[in-house]
Structure formats: C-alpha cells, structure tokens
Amino acid sequence: MRQALTWKLLAREWRSGELGILLLALVLAVSVVVGVSSFVTRLQSALLSESARFLAADMVVVSRTPLPAQWLAEAGQMGLLSSEGVGFPSMVVADVDHMALVSIKAVSAGYPLRGALQWSAEPYGVLRSGGAIPQSGEVWLAPRLFALLDVGLGDEVIVGETSLTVSGAVRSEPDATTAVFGFGPRLLMNTADIEATGVVQPGSRVEYRLLLGGASNAITEFTEWVTPQLEQGQRLDSVEGSQPGIATTLERAQGFLLLAGSLAVVLAAAAITLASRRFAERHTQYVAILKSLGAQSHEIAQLDGRSLFWMGFAGTVIGCGIGWGLQELFIRLLGALLPVEPGAAGWQPALIGAVTAGVCLVFFAWPPLRRLGQASPLRVLRADIGVADVQRFRDFLLGGVSIIALMWWYSGSALVTAAVITGLGVVIGLGFLAARLLLSGGRSVGGFAGSIWRVALAGLQRRGRANALQMVIFAMAIMLMLLLSVVRSSLIGQWQSQLPADAPNHFLLNLAPEERPSLEGFFDNHDIASETLYPMTRGRVVSVNEAELPKWQEVEAEGAPRQREANFTWSDQLPRGNVLLAGDWWPADSEVPWVSVEEDFAEDIGAKVGDRLAVRIGADTLEVTVRSIRSVDWQSMRPNFFMVFPRAVLERFPGMYMTSFRLLPEQKPLLNQLVSVLPTVTVIELDIVIKEMRSVVDQVARALELVLAVILMAGGLVLISGVRSSLDGRLRESALLRALGARRGLVLGALWIEFLVLGGLAGALASVGAEVAAWGLQTQVFEMTWAPTPLMWCLGPLAGAVIVGALGVWSCRRVVRVPPIVLLREV
Amino acid sequence: MIKVNQLLKTVPTADGDLTILRGVNLEIAAGASAAIVGASGSGKSTLLGLLAGMDVASAGEIWLDGECLSTLNEDERARLRAEKIGFVFQSFQLLPALTAKENVMLPLELAGVPDAGGIAERFLAEVGLESRLEHYPTTLSGGEQQRVAIARAFAREPRILFADEPTGNLDTRTGERVIDLLFDLNDRASTTLVLVTHDERLAERCDDRFAMTAGELSGP
Ligand SMILES: Nc1ncnc2c1ncn2[C@@H]1O[C@H](COP(=O)(O)OP(=O)(O)O)[C@@H](O)[C@H]1O
Ligand SMILES: [Mg+2]
C-alpha cells in the first residue's frame with residue numbers, strides 16, 4: 001500500500017475515535033509510569049543525600065594514622081569535594097579548678113560536605129547554620145561545657161599546649177552519631193590548630209577522617225582506587241549503613257516507591273490491554289470491509305502496524321510530557337519539605353515508559369490485529385465470525401512474561417516482583433475458578449430468583465468469558481490498590497512506632513553510684529521522665545569455650561570470630577524492648593555466672609547458648625555461661641547492652657550508671673543545671689537528631705501518599721476502561737431488553753446487580769491476592785512483621801462492589817436514557 | 001465468465017460437520033445477470049462468499065473470468081476482488097467513520113486509481129447523492145446508504161458484481177429504486193451481475209434464475 005494512502009486511511013481511522021481511545025490509554029499508562037518513576041528517581045537521589053547528611057559526606061575514609069596526602073590529591077583529580085578532620089578525646093582546661101574530659105573534633109574548610117552544622121553564639125541560644133566553622137585560634141564548645149568550665153564567649157581555654165578563644169556553642173553536627181570520639185562533650189576546633197596543641201602523637205587515640213562528596217560514579221571510582229590501598233585501622237564509611245534507623249526507613253521507602261513504580265507498570269499494561277482489546281473488536285468490521293474491497297493481508301498488517309507504531313510513539317511522547325509535569329508538580333508540592341535539591345530524573349523513566357507502551361502494544365495489541373488481518377473477509381457477510389478469538393492464551397503468556405521482566409527491570413528486586421506476581425497469580429487463578437463456578441454454574445440459582453436477578457444472572461453467564469476476564473482485571477487493579485495502601489499504612493505505622501513522641505531524647509552516661517540519689521532527685525524535682533538507671537561496666541570477651549579469640553587486628557577473614565569490647569550491665573529481668581531469641585532468663589537473685597548476649601555480638605564472638613565465655617573486666621577475668629541470646633531494638637533510644645549479667649555476678653565490679661531521659665524543648669536550659677549539679681556526667685543530646693529523623697519520616701510519608709494517590713487514580717482508570725470494554729455488548733442487550741418491553745427499572749436493576757456481583761467478587765479476590773502479596777513484601781522485602789488486615793477483607797469486596805457497580809451503571813446510563821431504537825441502530 | 005463445478009462447502013460446528021453446499025454447479029455468461037433465490041438459510045450467502053473469493057470451498061472448482069479460485073491464495077484472491085469484483089451487501093457495510101465520498105473512494109484508493117475523488121463524485125451523482133458527498137453513513141437513510149454502497153461497488157468498474165439481498169433491509173419502494181439503479185448501472189457498464197434475493201419479481205428481471213434449496217442449486 002502506498003505511503004500516502006496509509007496515512008490517509010490512518011487519518012480517517014483516527015476520526016472514528018477508536019484510535020483515540022487507544023491513544024488515551026497509552027498516554028495515561030505512559031504518564032503514570034513516567035511520572036511515578038521519575039518522581040521516584042528524583043526522590044531517591046534526595047533521600048540518598050538525606051542519609052549522606054548523617055555522614056556529613058557521601059563517603060568518609062577513616063584512619064588511625066594520618067592519611068596520605070596523595071589520597072586527597074587523587075580525590076581532587078576525580079572531581080570530589082573533600083574536607084579533612086581529626087577526632088580524639090582530650091582534657092580541656094579553663095583554670096586550675098575547671099577542667100573537663102572532652103571529645104575534640106577538628107574540622108577544616110568545607111565541613112560538612114553534606115547536611116548542616118548548627119551552632120549558636122551563646123549556649124542554648126538561637127540556632128544558626130550555614131558555612132561557618134571555628135576559625136583558627138577559636139573553639140566552639142558544647143553548651144554544657146560553658147557551665148562545666150565556667151567560661152563565656154571570648155574566654156580562653158587550653159587544649160594541650162595551646163590556648164584557644166571560645167567563640168561559639170556547637171549545637172548539632174550532622175555526623176554527631178557517626179563520628180564519636182570517646183565520651184565527653186564536644187569541642188569543635190579548626191584542623192589548623194592541631195599541630196600547635198601537640199596532643200596528637202603517634203600512638204595516641206586519634207581518628208583521622210577524610211570527608212568526600214561528589215557524583216556517585218566519582219565516589220565509586222575513588223572507592224575502587226583506594227580500597228586496595230587500605231591498611232589495618234583504615235576503613236571506608238559510606239552512606240549505606242551510616243545511620244541504621246534512617247537507613248532502614250529510607251530503604252523501606254525506596255522499596256515502597258519501587259513497588260509503586262512496578263505496580264504502575266502493571267496497571268499501565270492492564271489499561272493498554274483493555275484498550276487494545278476494544279480496539280481490535282471494533283476494528284474487526286473495518287478490516288473485513290477493507291478485505292472485501294480487495295485489500296491484501298500484508299497491506300492491512302502494514303496499516304495496523306503503522307497505526308500502532310504511531311499511536312505508541314504519540315502516546316509515549318505525550319505521556320512523557322504529562323508524566324514529567326506530574327513529577328514536577330509532586331516535587332513542588334513536597335518542595336519546602338525536601339532538605340536538598342532533588343537530583344535529575346534522567347532518561348530512564350522515559351525509557352521505561354516507552355518500553356512499557358511498546359511491550360504492551362507488541363504483545364497485547366498487535367497479535368489480535370495481526371490475526372484479524374489474516375482472517376476471512378466473510379465477516380461482512382456473517383457477523384458471528386472472527387471476534388471470539390481476538391486474544392489468545394499464548395499472547396497473554398508472552399505479554400505476562402514481558403511485564404514480569406519489565407517489573408523486575410524497574411524494581412531491580414526479584415523479591416518485590418515475585419511478591420506482586422504471586423499475588424496477581426492468586427487473583428488470576430482464583431478469578432477464573434470463581435468465574436467458572438459462579439458465572440457459568442449459576443443457572444440453577446437463576447431458576448428460582450426473581451426476574452431482575454434472572455436477567456442479571458443470564459447476562460453474567462451469557463458473557464461468561466468476557467466477564468471472567470473483566471472480573472480478573474478488576475480484581476488485579478483493586479488488588480494493586482489495596483496492596484499499596486496496606487503496605488503504606490504498615491510502613492508509616494512502623495515508622496511512627498519507631499520514634500514515639502515520648503521517646504527519650506537524651507542519654508546520660510558516667511554517673512557514679514553515689515550520685516544516683518541526686519540524679520533521681522533532680523529528675524523528680526523537674527518532672528523529667530527517665531528510663532531505669534543501668535549500671536555499666538566495660539569489658540572484653542577474650543575466649544569462647546576455652547578457645548582464645550584473636551584480637552581484632554589479627555583477624556583476616558571477614559566475619560570470623562574475634563575479641564570484642566562492649567558495655568556490660570546487670571539486670572534481673574529482661575530489659576525493656578529486648579526479645580529472647582534462644583535460651584531463657586535466669587531466676588531473680590540468681591548468683592550463677594550466667595550471661596545474656598545480643599544476637600549480632602554473639603555472632604561476632606561466635607557464641608551460642610551453653611557456651612562458656614571468659615570475660616575480662618579491668619584486671620579480672622570472669623567465667624560465665626551463655627544462658628540466652630537476645631535481640632535489641634537499637635532504634636528505641638533506650639540504653640541497650642550487648643552483655644547482661646545477673647546482678648550478683650557483676651555488682652562487685654566498679655561501674656558507672658547510665659540512663660536515657662526525655663526533655664521538652666523548653667526544658668533544655670535544665671541541662672546547664674544538671675551538669676553543674678553533676679559535673680562529671682556526660683549528656684548526649686539526641687533531640688536534634690530525632691527531630692531530623694522525624695522530619696525525614698514525615699517527608700517520606702508524604703511522598704508515599706502522593707505516589708499512592710497516583711496509583712489509585714491509575715487503578716481507577718483501569719476500572720473505568722474495564723467497564724467500558726464490555727459496554728457494546730451490554731448496551732446492545734439492554735437496548736434489546738427495552739425494545740422487548742422491559743421496564744427501565746428492570747434493565748437498570750439488572751445492570752446494578754451484574755456490576756455489583758462482578759465488583760464484589762473482584763474485591764474479594766483482590767483482598768486475597770493483596771494479602772498474599774503483602775505477606776511476601778512485608779516478611780521478605782521490608783523485613784517487618786506481618787499481621788493480617790481484616791479491615792481489608794471487609795473493605796475490599798465492599799469497595800469493589802460499590803466502585804465497579806457505580807462506574808458500570810454510570811457508563812451504561814445511556815441504556816435507559818436514550819430510546820432503544822437509537823441504540824440498536826448504533827451498535 | 002463464472003463457472004462453478006461440483007462446489008462443496010462443509011463447516012465444522014459443535015455438533016459435527018455441517019454441509020452447507022452440496023455439489024453446486026453454475027454457469028453465468030459475461031454481461032449476463034443471474035438471480036439466486038431460496039429460503040433463508042439455504043446457503044445463498046455462502047455461495048456468494050465463495051464466488052467472491054472471500055472463503056475457500058471444501059471441494060469443487062470456481063472459475064472467475066478465466067482464473068481458478070482454488071489455485072489462488074488469500075492475497076491473490078484479494079487482488080482479484082480489488083480488480084474485478086464489486087459487492088453489495090444486505091447490511092450496506094459502509095465504514096461509519098468515513099463520509100459517503102470517502103467510502104466510495106476507498107476501493108479506488110486501494111487499487112491506486114488516480115483521481116479517486118473525482119470518480120467517487122461522479123458515481124455518487126449517478127446514484128443521486130451528489131448533495132450528500134460529505135455526509136456520514138449514520139446521517140443517511142437506509143436507501144441512501146445502499147446507494148452509496150452501490151456507487152462504491154460500481155466505482156471500480158468491476159467485471160462482476162455480487163449483490164446479497166441488496167433490498168433486504170429496505171422498504172419496498174426504496175428497494176425498487178435501488179434495484180432500478182442497480183440494473184441501470186449494470187446495463188451501462190455491461191457488468192456480470194449475480195443477485196441473491198427472495199423477491200420473485202426482482203428475480204424475474206434477471207436473465208437467468210437459480211433456486212437454492214438446502215444447499216442444492218437448481219438451474220435456469
Ligand atoms: N461458518 C459457519 N459456521 C456454521 N454455520 C454456518 C457457517 N456459515 C453458514 N452456516 C450455516 O449455513 C446455513 C446457510 O447460511 P447462509 O449461506 O448464510 O444462508 P442464506 O444466505 O441462504 O440465508 C445457515 O444455516 C448457516 O447458519
Ligand atoms: Mg444470506
């Protein structure tokens with residue numbers, strides 16, 4: 001067929017509106033996929049920088065010896081930003097009566113590369129951030145050091161051999177939780193003054209940190225370059241795993257977003273498939289007439305191929321545009337909430353959109369059209385030929401496999417894909433089973449039911465195959481919507497329970513036993529809620545079952561058992577928030593040398609229940625037997641311990657106490673009083689970190705909601721096109737019924753029943769599928785605990801029935817509005 | 001022009017094979033007009049579909065203008081239809097998205113005939129629809145739609161025209177006008193006309209008459 005003619009025919013076919021419906025489905029599908037996936041990509045980059053903020057960099061090289069200057073130079077060559085730092089514990093002296101053990105951190109220009117350093121001119125004064133670090137010759141002190149040292153702004157303090165001027169209060173460092181140099185309040189200074197202090201000597205406890213920031217490929221390049229050169233006592237800290245609490249939050253959020261994206265792919269595929277099916281059905285007559293007029297199969301194939309190609313092309317282009325607008329809108333909506341400028345989305349989302357459209361067209365739209373082109377033109381003579389076989393199992397299989405591949409490619413997770421596919425598989429399997437039983441076996445019911453029911457059931461059964469397919473598609477769409485809602489609620493629930501509003505936000509360490517009454521008195525006076533006081537002793541596990549453990553430095557193989565140092569405590573009950581994994585708890589007042597070990601710690605030293613450990617505390621060695629293995633909730637903000645002993649066993653070792661407590665923002669100045677009453681204690685302020693974590697969770701939760709909304713919309717659109725795909729047949733039959741004298745009430749009532757039954761069944765199936773998939777996702781992907789969601793089991797069928805029923809009757813409303821003769825002529 | 005030898009058509013159905021045509025023989029001279037009459041369901045449309053190469057026979061031979069249909073494949077039969085055959089259907093079979101003129105242009109364009117538009121206008125004028133060129137089928141009455149279909153069938157100047165109950169969906173008077181038109185155009189173009197009808201009066205206007213009873217054709 002000549003080019004010009006195919007174009008002409010295409011243009012005319014466009015007028016018929018059938019291509020328009022297909023195009024609309026394509027545009028919707030592509031824009032949802034592109035919108036969600038580019039939003040997700042951009043959000044991911046924002047989330048990654050979010051976690052980078054807890055490291056103050058994208059990566060940190062940590063070393064116990066000075067870092068070679070060449071590393072810095074190489075990093076610069078690779079286009080990375082860098083900033084050097086040093087950390088060590090030391091004494092700071094104000095005068096003879098005022099001195100304190102502090103954790104010193106020296107930073108250089110550029111610090112922090114990620115996140116913000118917050119400081120104030122006076123202790124607990126107005127927070128400031130941006131750009132500044134202590135200049136050479138100056139120090140910033142943690143607020144309570146002002147009281148402890150009895151100094152003010154402009155006073156001098158002595159660090160080692162040099163004297164420095166106090167010029168500010170350091171309030172929050174982005175990497176406060178990842179760069180800890182011993183206990184004690186923070187003193188922040190400039191690396192330029194380190195030399196002069198003379199404190200940093202070979203052999204002293206110093207940590208050198210090289211902060212690096214830049215594009216991820218440059219970071220990877222540097223990592224590959226530096227890793228082989230790392231020596232003992234040197235390591236790389238990267239964003240992953242820098243902050244366990246945030247890391248899992250962000251990981252789960254990413255998992256959710258990728259899940260949402262792959263659901264978008266499935267929904268898009270469903271929408272395109274439905275539209276193609278309808279297109280193919282409506283196209284049959286057109287092809288038959290063309291053939292009766294002498295058009296050859298290959299010409300028709302060419303025409304159809306070209307239509308599909310251009311529809312796919314136009315759909316992709318328009319869809320990409322709309323999708324881009326959608327994600328831009330989302331980013332704007334989140335706007336102020338995002339801590340950092342979200343990265344670029346790149347071309348991948350558009351590619352995914354285009355491939356989704358292409359795959360759906362090739363596997364779902366093209367096969368029926370191709371067969372149509374080959375079919376006999378006899379259809380113009382006999383209306384009953386040629387439609388029955390529009391779509392074949394093989395096409396569905398091929399298409400299904402390619403959609404699975406797409407999902408996998410998109411989510412990058414076989415587990416996510418498997419969970420969703422399993423859910424969908426359950427829906428499809430049960431769906432066709434139910435269709436078999438109910439839609440075709442309901443004849444006996446129809447026999448004694450009233451007349452509306454009979455009409456409705458007859459309708460359901462007459463279009464049994466089409467209805468089964470339609471119900472499965474409804475069920476799939478509803479399932480995906482339910483699944484995402486369920487996963488979202490449980491994720492957000494989990495996050496909120498992780499950081500309850502009344503969680504402790506300060507840690508207090510180094511409390512001497514005789515100071516306990518005054519601390520408890522202080523808490524009582526000021527109405528401060530605190531955890532129990534835990535005694536704390538530091539010790540080291542040196543052997544397991546008489547076998548000496550190698551020292552940390554001597555271990556070669558990764559993960560091999562080794563000596564470990566840890567904080568010990570005693571308790572006669574299982575500490576709050578801990579869970580016994582093996583063994584049991586000792587009876588109260590036990591004097592037997594038992595120990596309960598935290599699971600990861602047990603793995604590190606290679607111990608299990610019943611093993612005998614030798615534990616060195618100070619100069620003493622203690623022989624104990626492992627009675628239980630515990631898991632600990634590290635995100636609980638409560639004191640947590642690797643090793644717990646019975647009271648009688650540990651009490652005789654000298655130790656300090658620790659606890660955590662909660663201060664309201666307006667109680668902050670109490671800290672000054674506290675450190676003046678108890679000058680030797682160390683207080684770690686976590687409130688700022690907690691606040692940041694909570695704001696991250698809020699942002700992420702909001703982002704998830706936006707994505708959920710889009711997916712719900714996409715699901716709704718699939719439902720609408722599902723209803724529309726069966727419209728012709730229903731309209732014709734209803735018109736016939738009316739022409740035969742049925743009341744409008746009867747026709748409408750039968751339609752209601754038909755759609756309510758379809759929707760309710762679909763909703764019930766969807767609940768089953770969603771539960772299966774949610775189980776898979778929550779236990780396998782998100783590593784959360786799974787609980788059944790009875791609410792969904794009620795809501796699913798109800799929502800399905802109501803939504804599908806309303807959509808269906810609304811779409812068919814013309815049946816009762818328009819005179820039947822008009823309808824019969826049209827269809 | 002048309003010669004049919006021992007034509008057999010069997011179709012598979014749920015209750016086993018159904019024989020629709022049981023050894024049909026037929027011969028129609030070039031330029032002649034032939035009527036096939038018979039009860040509904042006797043196999044007339046099936047025969048016409050086979051003659052037009054839209055379906056394949058189970059056995060037997062069909063010769064059209066010197067070509068044996070059974071030796072042609074689907075595409076060759078399509079070419080044959082495009083070059084030599086016109087068809088008028090009981091249910092018009094116009095494309096709803098195309099205007100009257102575009103419907104008539106379609107076969108011309110498919111065959112690559114230049115000035116399809118001009119030819120289409122001329123033929124629509126011949127069927128009295130010169131004022132309805134840009135109208136869509138749904139806005140035309142049944143008679144008008146069938147006239148468009150007739151214009152479409154003749155526009156390619158086919159050697160053979162098949163008409164399957166062309167008046168079946170029309171009232172008597174409109175039907176008569178359509179038939180007049182059909183015969184008129186047929187005479188002028190000296191086309192070979194094969195007409196399926198159950199209207200005896202219509203059949204009488206044809207040169208030859210065949211009667212179809214339960215898949216068997218009895219001759220002129
Ligand atoms: N493809 C087919 N499958 C099953 N039955 C068919 C098929 N084609 C025709 N028939 C049956 O063959 C008989 C003849 O049909 P047809 O040729 O349309 O009759 P007529 O045009 O004379 O009314 C009818 O009973 C019809 O149902
Ligand atoms: Mg017939």
# chains A, B, ... in the order shown; residues from 1 in each chain; ligands from 1
$ interface_residues --of "chain A" --to "chain B" --cutoff "8 Å" --atoms "only C-alpha atoms" --output "CSV table (one decimal) with all heavy atoms, in the first residue's frame"
chain,number,residue,atom,x,y,z
A,1,MET,N,0.9,-1.2,0.0
A,1,MET,CA,0.0,0.0,0.0
A,1,MET,C,0.9,1.2,0.0
A,1,MET,O,1.9,1.3,0.7
A,1,MET,CB,-0.9,0.0,1.2
A,1,MET,CG,-2.2,0.8,1.0
A,1,MET,SD,-3.2,0.8,2.5
A,1,MET,CE,-3.6,-0.9,2.7
A,5,LEU,N,-1.4,6.7,1.0
A,5,LEU,CA,-2.7,6.1,1.3
A,5,LEU,C,-2.8,5.6,2.7
A,5,LEU,O,-3.9,5.9,3.4
A,5,LEU,CB,-3.0,4.9,0.3
A,5,LEU,CG,-4.3,4.3,0.6
A,5,LEU,CD1,-5.5,5.3,0.4
A,5,LEU,CD2,-4.5,3.1,-0.4
A,12,ARG,N,-8.2,9.0,8.6
A,12,ARG,CA,-9.6,8.8,8.6
A,12,ARG,C,-10.0,7.9,9.8
A,12,ARG,O,-11.0,8.1,10.5
A,12,ARG,CB,-10.1,8.1,7.3
A,12,ARG,CG,-10.0,9.0,6.2
A,12,ARG,CD,-10.6,8.3,5.0
A,12,ARG,NE,-10.3,9.0,3.8
A,12,ARG,CZ,-10.2,8.4,2.6
A,12,ARG,NH1,-10.4,7.1,2.5
A,12,ARG,NH2,-9.9,9.1,1.5
A,13,GLU,N,-9.2,6.9,10.1
A,13,GLU,CA,-9.5,5.9,11.1
A,13,GLU,C,-9.5,6.7,12.5
A,13,GLU,O,-10.2,6.4,13.4
A,13,GLU,CB,-8.4,4.8,11.2
A,13,GLU,CG,-9.0,3.5,11.7
A,13,GLU,CD,-7.9,2.5,11.7
A,13,GLU,OE1,-6.9,2.6,11.1
A,13,GLU,OE2,-8.2,1.4,12.4
A,15,ARG,N,-10.5,9.5,13.0
A,15,ARG,CA,-11.8,10.2,13.2
A,15,ARG,C,-12.8,9.3,13.8
A,15,ARG,O,-13.7,9.7,14.5
A,15,ARG,CB,-12.3,10.6,11.8
A,15,ARG,CG,-11.8,11.9,11.4
A,15,ARG,CD,-12.8,12.6,10.4
A,15,ARG,NE,-13.2,11.6,9.4
A,15,ARG,CZ,-12.9,11.7,8.1
A,15,ARG,NH1,-12.1,12.7,7.6
A,15,ARG,NH2,-13.4,10.9,7.2
A,16,SER,N,-12.6,8.0,13.6
A,16,SER,CA,-13.6,7.0,14.2
A,16,SER,C,-13.6,7.0,15.7
A,16,SER,O,-14.5,6.5,16.3
A,16,SER,CB,-13.4,5.6,13.6
A,16,SER,OG,-12.3,5.1,14.3
A,286,TYR,N,-14.0,-3.0,10.2
A,286,TYR,CA,-13.2,-2.2,9.3
A,286,TYR,C,-12.3,-3.0,8.4
A,286,TYR,O,-12.3,-2.9,7.2
A,286,TYR,CB,-12.4,-1.2,10.2
A,286,TYR,CG,-11.5,-0.3,9.4
A,286,TYR,CD1,-12.1,0.9,8.8
A,286,TYR,CD2,-10.1,-0.4,9.4
A,286,TYR,CE1,-11.2,1.7,8.1
A,286,TYR,CE2,-9.3,0.5,8.8
A,286,TYR,CZ,-9.9,1.5,8.1
A,286,TYR,OH,-9.1,2.4,7.5
A,289,ILE,N,-14.3,-5.1,5.9
A,289,ILE,CA,-14.7,-4.3,4.7
A,289,ILE,C,-13.5,-4.1,3.8
A,289,ILE,O,-13.6,-4.2,2.6
A,289,ILE,CB,-15.4,-3.0,5.2
A,289,ILE,CG1,-16.7,-3.4,5.9
A,289,ILE,CG2,-15.7,-2.1,4.0
A,289,ILE,CD1,-17.5,-2.2,6.4
A,290,LEU,N,-12.4,-3.7,4.4
A,290,LEU,CA,-11.2,-3.4,3.6
A,290,LEU,C,-10.9,-4.7,2.8
A,290,LEU,O,-10.6,-4.6,1.6
A,290,LEU,CB,-10.0,-3.1,4.4
A,290,LEU,CG,-10.0,-1.6,4.9
A,290,LEU,CD1,-8.7,-1.4,5.7
A,290,LEU,CD2,-10.0,-0.6,3.7
A,291,LYS,N,-11.0,-5.8,3.4
A,291,LYS,CA,-10.6,-7.1,2.7
A,291,LYS,C,-11.6,-7.4,1.6
A,291,LYS,O,-11.3,-7.8,0.5
A,291,LYS,CB,-10.5,-8.2,3.7
A,291,LYS,CG,-9.3,-8.0,4.6
A,291,LYS,CD,-8.9,-9.3,5.3
A,291,LYS,CE,-8.1,-10.1,4.3
A,291,LYS,NZ,-7.5,-11.3,4.9
A,292,SER,N,-12.9,-7.2,1.9
A,292,SER,CA,-13.9,-7.5,0.9
A,292,SER,C,-13.7,-6.6,-0.3
A,292,SER,O,-14.1,-6.9,-1.4
A,292,SER,CB,-15.3,-7.4,1.4
A,292,SER,OG,-15.7,-6.0,1.6
A,293,LEU,N,-13.1,-5.4,-0.1
A,293,LEU,CA,-12.8,-4.5,-1.2
A,293,LEU,C,-11.5,-4.8,-1.9
A,293,LEU,O,-11.1,-4.1,-2.7
A,293,LEU,CB,-12.8,-3.1,-0.7
A,293,LEU,CG,-14.2,-2.5,-0.2
A,293,LEU,CD1,-14.0,-1.1,0.3
A,293,LEU,CD2,-15.2,-2.6,-1.3
A,294,GLY,N,-10.9,-5.9,-1.4
A,294,GLY,CA,-9.7,-6.3,-2.1
A,294,GLY,C,-8.4,-6.0,-1.5
A,294,GLY,O,-7.3,-6.1,-2.1
A,295,ALA,N,-8.4,-5.4,-0.2
A,295,ALA,CA,-7.1,-5.2,0.4
A,295,ALA,C,-6.5,-6.5,0.8
A,295,ALA,O,-7.2,-7.4,1.3
A,295,ALA,CB,-7.3,-4.3,1.7
A,296,GLN,N,-5.1,-6.6,0.7
A,296,GLN,CA,-4.5,-7.8,1.0
A,296,GLN,C,-4.0,-7.8,2.4
A,296,GLN,O,-3.8,-6.8,3.0
A,296,GLN,CB,-3.3,-8.0,0.0
A,296,GLN,CG,-3.7,-8.0,-1.4
A,296,GLN,CD,-2.6,-8.3,-2.4
A,296,GLN,OE1,-1.5,-8.6,-2.0
A,296,GLN,NE2,-2.9,-8.3,-3.7
A,297,SER,N,-3.8,-9.0,3.0
A,297,SER,CA,-3.4,-9.2,4.4
A,297,SER,C,-2.2,-8.3,4.8
A,297,SER,O,-2.2,-7.6,5.8
A,297,SER,CB,-3.0,-10.6,4.7
A,297,SER,OG,-3.9,-11.5,4.1
A,376,SER,N,-10.8,-14.3,7.6
A,376,SER,CA,-11.6,-14.3,6.4
A,376,SER,C,-12.5,-13.0,6.3
A,376,SER,O,-13.0,-12.6,7.3
A,376,SER,CB,-12.5,-15.5,6.4
A,376,SER,OG,-13.7,-15.2,5.7
A,377,PRO,N,-12.6,-12.4,5.1
A,377,PRO,CA,-13.4,-11.2,5.0
A,377,PRO,C,-14.9,-11.6,5.1
A,377,PRO,O,-15.8,-10.7,5.0
A,377,PRO,CB,-13.1,-10.8,3.6
A,377,PRO,CG,-12.6,-12.0,2.9
A,377,PRO,CD,-11.9,-12.8,3.9
A,378,LEU,N,-15.1,-12.9,5.3
A,378,LEU,CA,-16.5,-13.4,5.3
A,378,LEU,C,-17.3,-12.7,6.4
A,378,LEU,O,-18.5,-12.7,6.4
A,378,LEU,CB,-16.5,-14.9,5.6
A,378,LEU,CG,-17.6,-15.7,5.0
A,378,LEU,CD1,-17.6,-15.4,3.5
A,378,LEU,CD2,-17.3,-17.1,5.3
A,380,VAL,N,-18.0,-9.8,6.9
A,380,VAL,CA,-19.0,-8.8,6.5
A,380,VAL,C,-20.3,-9.5,6.1
A,380,VAL,O,-21.4,-8.8,6.0
A,380,VAL,CB,-18.5,-8.0,5.3
A,380,VAL,CG1,-17.4,-7.1,5.7
A,380,VAL,CG2,-18.0,-8.8,4.1
A,381,LEU,N,-20.2,-10.8,5.8
A,381,LEU,CA,-21.5,-11.5,5.5
A,381,LEU,C,-22.1,-12.1,6.7
A,381,LEU,O,-23.3,-12.2,6.8
A,381,LEU,CB,-21.2,-12.6,4.4
A,381,LEU,CG,-20.7,-12.1,3.1
A,381,LEU,CD1,-20.2,-13.2,2.2
A,381,LEU,CD2,-21.8,-11.3,2.4
$ residues_around --residues "Asn545 of chain A" --least-positions-apart "2" --cutoff "10 Å" --atoms "only C-alpha atoms" --output "PDB file with C-alpha atoms, in the first residue's frame"
ATOM      1  CA  SER A 543      37.646 -16.622  74.811  1.00  0.00           C
ATOM      2  CA  ALA A 547      39.427 -21.173  72.877  1.00  0.00           C
ATOM      3  CA  GLU A 548      41.276 -17.874  72.791  1.00  0.00           C
ATOM      4  CA  LEU A 549      39.681 -15.372  70.404  1.00  0.00           C
ATOM      5  CA  ALA A 607      28.987 -17.888  70.836  1.00  0.00           C
ATOM      6  CA  GLY A 610      25.514 -23.049  76.661  1.00  0.00           C
ATOM      7  CA  ASP A 611      28.963 -21.762  75.596  1.00  0.00           C
ATOM      8  CA  ARG A 612      31.403 -20.685  78.286  1.00  0.00           C
ATOM      9  CA  LEU A 613      32.923 -17.249  77.872  1.00  0.00           C
ATOM     10  CA  ALA A 614      35.933 -15.697  79.528  1.00  0.00           C
ATOM     11  CA  GLU A 623      33.992 -17.178  83.614  1.00  0.00           C
ATOM     12  CA  VAL A 624      30.348 -17.102  82.507  1.00  0.00           C
ATOM     13  CA  THR A 625      27.930 -19.364  80.622  1.00  0.00           C
TER      14      THR A 625
END
$ residues_around --residues "segment 197-204 of chain B" --least-positions-apart "2" --cutoff "7 Å" --atoms "only C-alpha atoms" --output "ChimeraX atom specification"
/B:35-38,164-165,195,206,209
$ residues_around --residues "Leu64 of chain B" --least-positions-apart "4" --cutoff "9 Å" --atoms "only C-alpha atoms" --output "PyMOL selection string"
chain B and resi 1-4+51-52+68-69+160
$ select_by_dssp --residues "segment 32-192 of chain B" --states "alpha helix (DSSP H)" --output "NGL selection string"
:B and (44-51 or 74-84 or 100-110 or 116-126 or 142-155 or 172-189)
$ residues_around --residues "Leu26 of chain B" --least-positions-apart "5" --cutoff "10 Å" --atoms "only C-alpha atoms" --output "PyMOL selection string"
chain B and resi 2-7+62+210+217-220
$ atom_distance --atom1 "atom 22 (O, counted along the ligand's line) of ligand 1" --atom2 "atom CA of Gly215 of chain B"
8.4 Å
$ select_by_dssp --residues "segment 45-202 of chain B" --states "strand (DSSP E)" --output "list of chain:residue names"
B:Ala59, B:Gly60, B:Glu61, B:Ile62, B:Trp63, B:Leu64, B:Glu67, B:Cys68, B:Ile85, B:Gly86, B:Phe87, B:Val88, B:Ile160, B:Leu161, B:Phe162, B:Ala163, B:Asp164, B:Thr192, B:Leu193, B:Val194, B:Leu195, B:Val196
$ residues_near_ligand --ligand "ligand 1" --cutoff "6 Å" --atoms "only C-alpha atoms and all ligand atoms" --output "list in words"
Val11, Thr13, Ile20, Ser40, Gly41, Ser42, Gly43, Lys44, Ser45 and Thr46 of chain B
$ closest_residue --among "A:Ala270, A:Val265, A:Leu508, A:Val102" --to "Ala405 of chain A" --atoms "only C-alpha atoms"
A:Val265
$ atom_distance --atom1 "atom CA of Ser490 of chain A" --atom2 "atom CA of Phe642 of chain A"
29.2 Å
$ closest_residue --among "B:Ala149, B:Val178, B:Ala211, B:Ala163" --to "ligand 2" --atoms "only C-alpha atoms and all ligand atoms"
B:Ala163
$ residues_around --residues "segment 425-429 of chain A" --least-positions-apart "4" --cutoff "6 Å" --atoms "only C-alpha atoms" --output "ChimeraX atom specification"
/A:421,472,765,769
$ atom_distance --atom1 "atom CA of Leu717 of chain A" --atom2 "atom CA of Val355 of chain A"
20.4 Å
$ residues_around --residues "Ala619 of chain A" --least-positions-apart "4" --cutoff "12 Å" --atoms "only C-alpha atoms" --output "short mmCIF file (atom, residue, chain, number, x, y, z; two decimals) with N, CA and C atoms, in the first residue's frame"
data_model
loop_
_atom_site.label_atom_id
_atom_site.label_comp_id
_atom_site.auth_asym_id
_atom_site.auth_seq_id
_atom_site.Cartn_x
_atom_site.Cartn_y
_atom_site.Cartn_z
N ARG A 538 32.65 -1.67 81.47
CA ARG A 538 33.19 -2.02 80.16
C ARG A 538 34.05 -3.25 80.31
N GLY A 539 33.96 -4.14 79.35
CA GLY A 539 34.76 -5.35 79.43
C GLY A 539 34.98 -5.93 78.05
N ARG A 540 35.69 -7.06 78.05
CA ARG A 540 36.08 -7.63 76.77
C ARG A 540 35.93 -9.14 76.82
N VAL A 615 35.50 -13.44 80.26
CA VAL A 615 35.27 -12.02 80.07
C VAL A 615 36.27 -11.26 80.94
N PHE A 653 31.99 -5.46 90.48
CA PHE A 653 32.93 -4.67 89.67
C PHE A 653 32.53 -3.21 89.72
N PRO A 654 33.52 -2.33 89.86
CA PRO A 654 33.16 -0.92 89.90
C PRO A 654 32.60 -0.50 88.55
#
$ closest_residue --among "B:Gly168, B:Gly66, B:Gly143, B:Gly175" --to "ligand 2" --atoms "only C-alpha atoms and all ligand atoms"
B:Gly168
